[in-house]
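Below is one structure, written out as structure tokens; comments come after it.
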Amino acid sequence: MKFLCDVHISYKIVKQLKYLGFETVHVNEILDKSATKDSEISNFADVNNYVVVTKDSDFRDSFLVKQTPQKLIKINLGNISNRKLQNIFSENIFSISKLDNKNCFMVEIDTESINYIVL
């Protein structure tokens, strides 16, 4: 499983995912960095089989309407600490990684639950 972290995702999450053995890049390392349009991020992720990790609801809307990006983790946690977000990833990465063989999915992480949509 490969991850592409959107602009508002901390580099601490990138480091953690790399430490856990996953190929991970931050949008600031590719394309037009922080100026990259959402559609370009989605296209890059789909072509290169990345899971987009984001807080941006535009990606959720695009997934539900157009199924792009094809693989998405949408974080709905507001301004929680990086430590809490790292803990959430650590606790759930095994179940999320089971989706790698699916063509199209979204994982929504909320304060009380984690929801999966697999198409």
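If you're wondering about the labels, chains in the structure tokens are A, B, ... by order shown, residues count from 1 in each chain, ligands from 1 in order shown.
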
Please report as a tab-separated table every residue of region 48-106 of chain A lying within 9 Å of region 11-21 of chain A, along with the nearest atom pair and their distance in Å (one decimal), using only C-alpha atoms.
residue	atom	partner	partner_atom	distance
A:Asn82	CA	A:Lys12	CA	7.1
A:Arg83	CA	A:Lys12	CA	8.7
A:Leu85	CA	A:Ile13	CA	7.8
A:Gln86	CA	A:Ile13	CA	6.2
A:Phe89	CA	A:Leu17	CA	8.4
A:Ser90	CA	A:Leu20	CA	8.6
A:Ile93	CA	A:Leu17	CA	9.0

So that I can check the surroundings of Ser113 (chain A), please list as an MDAnalysis selection string every protein, DNA and RNA residue that reaches within 12 Å of it, counting only C-alpha atoms and ignoring chain neighbours fewer than 6 positions away.
chainID A and resid 75:77 88 92 107

Go ahead and save the picked residues with C-alpha atoms, as a CSV table (one decimal), in the first residue's frame.
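Result went into result_22.csv, see below:
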chain,number,residue,atom,x,y,z
A,75,ILE,CA,-9.9,12.5,8.2
A,76,ASN,CA,-12.8,14.2,9.9
A,77,LEU,CA,-11.1,15.1,13.2
A,88,ILE,CA,-5.3,6.4,15.2
A,92,ASN,CA,-6.1,1.0,12.4
A,107,VAL,CA,-12.1,5.2,4.8

Report the residues of region 7-100 of chain A whose backbone DSSP state falls under helix (DSSP H, G or I), written as a PyMOL selection string.
chain A and resi 11-19+27-29+33-35+38-48+57-66+82-100

If you count only C-alpha atoms, which residues fall within 8 Å of region 46-49 of chain A, apart from same-chain ones fewer than 2 positions away, as a VMD selection string?
chain A and resid 2 42 to 44 51 68 to 71

Please list as an MDAnalysis selection string every residue within 12 Å of region 38-41 of chain A, counting only C-alpha atoms and excluding residues in the same chain fewer than 3 positions away.
chainID A and resid 3:7 25:35 44:54 56:63 66:72
